[in-house]
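To keep things clear, I will list the structure first and then write my remarks on it.
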Amino acid sequence: MGIHDDHRKRRRDLYMRNGLEVFADHEVLELLLFYAIPRKDTNPIAHLLMDHFGSLDRVLSATQEELCQVEGIGPAAAALITLIPQISRRAALQRMEREVILNSVDAMGEYCLTLTGGGRNEVLYLVCLDAKGKVLSHHRLGDGSASVSVNLRKVAELVLRSNAYSVVLTHNHPSGMALPSREDLVATQQIEQLLRNMGVVLLDHIITADGDFVSMAENGTISRR
């Protein structure tokens, strides 16, 4: 057993006994990188990540391209790091879909923050609900670096497939301002008209940014009729 193997075993044993509470942030990254970078000391690489991004949260929020700019981080390590928040978000959504009824603006906002959070690109989701507000399904309609175009045919197919009673739209503003743009208003009106023709209610369009959200129904843009 080499020196790095012995060190890795001690680190893993410490984690198994005590969890992450006894680890500093750079040590958490060091431990994670064991599984992507074999036979190499990952402690200096973990320090470089922290120095480059400034915090553990920012490391886990970085894109694969940004991570690969750090010396010692290749495609495998970058893929592993970006996988962690995505797994966590998927698990959180599954818990929420079992337990939460989206029958209030706050409940919708919390769900939509979890659905759209953590990304650097703008993403648009369609959330289909039953008559009681329980989530039937959610679907990613598109993404882009600045804005998202809406495929109305795809919206109609997903709503019919889910047998939705009502729908919530949500997208994020990576720029940090959770206010609807002109493009947001036009796209919302188009989808609202489509759903009305199908006998389906557009409950809300939630815009998220920096842990906050704006409800287009609450500000009067959507009538909910």
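Going through the structure tokens in order, the chains are called A, B, and so on, while each chain numbers its residues from 1 and the ligands are numbered from 1 in the order shown.
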
Segment 16-112 of chain A near segment 197-208 of chain A within 9 Å: what's each residue's closest atom pair and its distance in Å to one decimal, counting only C-alpha atoms, ordered by chain then ascending residue number, as a tab-separated table?
```
residue	atom	partner	partner_atom	distance
A:Val105	CA	A:Asp204	CA	8.3
A:Met108	CA	A:Ile206	CA	7.6
A:Gly109	CA	A:Ile206	CA	6.6
A:Cys112	CA	A:Ile206	CA	6.9
```

Would you mind exporting C-alpha atoms of the selected residues as a PDB file, in the first residue's frame?
```
ATOM      1  CA  VAL A 105     -47.745  30.626  -3.990  1.00  0.00           C
ATOM      2  CA  MET A 108     -45.065  26.639  -5.740  1.00  0.00           C
ATOM      3  CA  GLY A 109     -42.128  28.966  -5.155  1.00  0.00           C
ATOM      4  CA  CYS A 112     -39.727  25.803  -8.381  1.00  0.00           C
TER       5      CYS A 112
END
```

* Going by DSSP on the backbone, which bits of segment 15-171 of chain A are helix (DSSP H, G or I)? Write them as an MDAnalysis selection string, please. => chainID A and resid 15:22 25:33 43:53 56:61 64:67 75:99 105:116 152:162

* **Residue nearest Asn219 of chain A - candidates A:Gln190, A:Val28, A:Pro180, A:Arg120, atoms counted: only C-alpha atoms** =>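 Nearest candidate to Asn219 of chain A out of A:Gln190, A:Val28, A:Pro180, A:Arg120: A:Pro180.
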
* Find the spatial neighbours of Leu129 of chain A, counting only C-alpha atoms, within a cut-off of 6 Å - ignore same-chain residues fewer than 4 positions away - and output them as a list in words. => Gly133, Lys134, Val135, Leu136, Ala164, Tyr165, Ser166 and Val167 of chain A

Next, the residues of the selection above should be written as an mmCIF file, in the first residue's frame with N, CA and C atoms.
```cif
data_model
loop_
_atom_site.group_PDB
_atom_site.id
_atom_site.type_symbol
_atom_site.label_atom_id
_atom_site.label_comp_id
_atom_site.auth_asym_id
_atom_site.auth_seq_id
_atom_site.Cartn_x
_atom_site.Cartn_y
_atom_site.Cartn_z
ATOM 1 N N GLY A 133 -53.793 19.668 -6.746
ATOM 2 C CA GLY A 133 -52.521 20.367 -6.724
ATOM 3 C C GLY A 133 -51.324 19.467 -6.547
ATOM 4 N N LYS A 134 -51.525 18.146 -6.586
ATOM 5 C CA LYS A 134 -50.404 17.212 -6.464
ATOM 6 C C LYS A 134 -49.650 17.140 -7.791
ATOM 7 N N VAL A 135 -48.327 17.117 -7.695
ATOM 8 C CA VAL A 135 -47.505 17.061 -8.898
ATOM 9 C C VAL A 135 -47.645 15.699 -9.573
ATOM 10 N N LEU A 136 -48.039 15.731 -10.830
ATOM 11 C CA LEU A 136 -48.122 14.514 -11.636
ATOM 12 C C LEU A 136 -46.811 14.250 -12.367
ATOM 13 N N ALA A 164 -53.216 16.429 -17.147
ATOM 14 C CA ALA A 164 -53.116 17.493 -16.145
ATOM 15 C C ALA A 164 -54.415 18.273 -16.021
ATOM 16 N N TYR A 165 -54.751 18.620 -14.792
ATOM 17 C CA TYR A 165 -55.868 19.518 -14.515
ATOM 18 C C TYR A 165 -55.404 20.966 -14.575
ATOM 19 N N SER A 166 -54.198 21.198 -14.092
ATOM 20 C CA SER A 166 -53.621 22.537 -14.109
ATOM 21 C C SER A 166 -52.114 22.431 -14.310
ATOM 22 N N VAL A 167 -51.503 23.582 -14.566
ATOM 23 C CA VAL A 167 -50.088 23.629 -14.913
ATOM 24 C C VAL A 167 -49.421 24.807 -14.218
#
```

* **Length of the atom CA of Leu20 of chain A to atom CA of Asp57 of chain A vector [Å]** =>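 Value for the atom CA of Leu20 of chain A-atom CA of Asp57 of chain A distance: 14.8 Å.
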
* To do: Run DSSP on the backbone and grab whatever in segment 5-212 of chain A lands in strand (DSSP E); send it over as an NGL selection string.
  => :A and (122-129 or 135-144 or 166-172 or 201-209 or 212)

Using the selection just defined, write its residues with N, CA and C atoms as a compact mmCIF listing (two decimals), in the first residue's frame.
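Here's the written file out.txt:
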```
# COMPACT_ATOMS: atom_id res chain seq x y z
N GLU A 122 -30.35 29.55 -18.42
CA GLU A 122 -31.79 29.69 -18.22
C GLU A 122 -32.48 28.40 -18.64
N VAL A 123 -33.35 27.89 -17.79
CA VAL A 123 -34.09 26.66 -18.08
C VAL A 123 -35.57 26.90 -17.84
N LEU A 124 -36.39 26.23 -18.62
CA LEU A 124 -37.85 26.36 -18.50
C LEU A 124 -38.46 24.99 -18.23
N TYR A 125 -39.32 24.93 -17.21
CA TYR A 125 -39.98 23.68 -16.83
C TYR A 125 -41.50 23.84 -16.87
N LEU A 126 -42.14 22.74 -17.21
CA LEU A 126 -43.59 22.62 -17.15
C LEU A 126 -43.91 21.63 -16.04
N VAL A 127 -44.74 22.05 -15.08
CA VAL A 127 -45.13 21.19 -13.96
C VAL A 127 -46.62 20.90 -14.08
N CYS A 128 -46.98 19.63 -14.21
CA CYS A 128 -48.37 19.22 -14.38
C CYS A 128 -48.95 18.77 -13.04
N LEU A 129 -50.15 19.25 -12.70
CA LEU A 129 -50.79 18.96 -11.43
C LEU A 129 -52.15 18.33 -11.63
N VAL A 135 -48.33 17.12 -7.69
CA VAL A 135 -47.51 17.06 -8.90
C VAL A 135 -47.65 15.70 -9.57
N LEU A 136 -48.04 15.73 -10.83
CA LEU A 136 -48.12 14.51 -11.64
C LEU A 136 -46.81 14.25 -12.37
N SER A 137 -46.20 15.32 -12.84
CA SER A 137 -44.94 15.20 -13.59
C SER A 137 -44.34 16.58 -13.76
N HIS A 138 -43.04 16.61 -14.04
CA HIS A 138 -42.41 17.86 -14.45
C HIS A 138 -41.53 17.58 -15.65
N HIS A 139 -41.43 18.56 -16.54
CA HIS A 139 -40.75 18.36 -17.81
C HIS A 139 -39.90 19.59 -18.14
N ARG A 140 -38.68 19.34 -18.55
CA ARG A 140 -37.80 20.42 -18.99
C ARG A 140 -38.12 20.74 -20.43
N LEU A 141 -38.61 21.95 -20.67
CA LEU A 141 -39.04 22.34 -22.02
C LEU A 141 -37.87 22.83 -22.86
N GLY A 142 -36.85 23.37 -22.22
CA GLY A 142 -35.71 23.87 -22.99
C GLY A 142 -34.75 24.61 -22.10
N ASP A 143 -33.62 24.95 -22.68
CA ASP A 143 -32.64 25.73 -21.95
C ASP A 143 -31.80 26.52 -22.95
N GLY A 144 -31.10 27.50 -22.43
CA GLY A 144 -30.26 28.34 -23.26
C GLY A 144 -29.42 29.24 -22.40
N SER A 166 -54.20 21.20 -14.09
CA SER A 166 -53.62 22.54 -14.11
C SER A 166 -52.11 22.43 -14.31
N VAL A 167 -51.50 23.58 -14.57
CA VAL A 167 -50.09 23.63 -14.91
C VAL A 167 -49.42 24.81 -14.22
N VAL A 168 -48.17 24.61 -13.83
CA VAL A 168 -47.31 25.70 -13.37
C VAL A 168 -46.09 25.74 -14.28
N LEU A 169 -45.76 26.92 -14.77
CA LEU A 169 -44.53 27.12 -15.51
C LEU A 169 -43.48 27.70 -14.56
N THR A 170 -42.24 27.40 -14.80
CA THR A 170 -41.18 28.02 -14.02
C THR A 170 -39.90 28.09 -14.83
N HIS A 171 -39.19 29.20 -14.68
CA HIS A 171 -37.86 29.30 -15.26
C HIS A 171 -37.01 30.21 -14.38
N ASN A 172 -35.72 30.10 -14.58
CA ASN A 172 -34.78 30.88 -13.76
C ASN A 172 -34.19 32.02 -14.57
N VAL A 201 -55.92 24.84 -16.70
CA VAL A 201 -55.64 26.12 -16.04
C VAL A 201 -54.13 26.32 -15.90
N LEU A 202 -53.66 27.50 -16.29
CA LEU A 202 -52.28 27.89 -15.98
C LEU A 202 -52.32 28.59 -14.62
N LEU A 203 -51.91 27.88 -13.58
CA LEU A 203 -51.97 28.43 -12.23
C LEU A 203 -50.98 29.56 -12.00
N ASP A 204 -49.77 29.39 -12.54
CA ASP A 204 -48.75 30.39 -12.27
C ASP A 204 -47.56 30.18 -13.19
N HIS A 205 -46.79 31.24 -13.29
CA HIS A 205 -45.47 31.17 -13.90
C HIS A 205 -44.52 31.76 -12.88
N ILE A 206 -43.68 30.90 -12.30
CA ILE A 206 -42.77 31.31 -11.24
C ILE A 206 -41.39 31.56 -11.85
N ILE A 207 -40.85 32.75 -11.60
CA ILE A 207 -39.51 33.09 -12.05
C ILE A 207 -38.59 33.08 -10.83
N THR A 208 -37.49 32.35 -10.92
CA THR A 208 -36.58 32.22 -9.79
C THR A 208 -35.23 32.87 -10.10
N ALA A 209 -34.59 33.35 -9.04
CA ALA A 209 -33.25 33.94 -9.17
C ALA A 209 -32.65 34.12 -7.79
N ASP A 212 -34.65 33.49 -4.63
CA ASP A 212 -35.91 34.21 -4.50
C ASP A 212 -36.78 33.87 -5.71
```

* Could you give me, as number ranges by chain, the residues within 10 Å of segment 71-77 of chain A, counting only C-alpha atoms and dropping anything in the same chain fewer than 5 positions from it? => A: 32-37, 40, 42, 44-46, 48-49, 64-66, 82-83
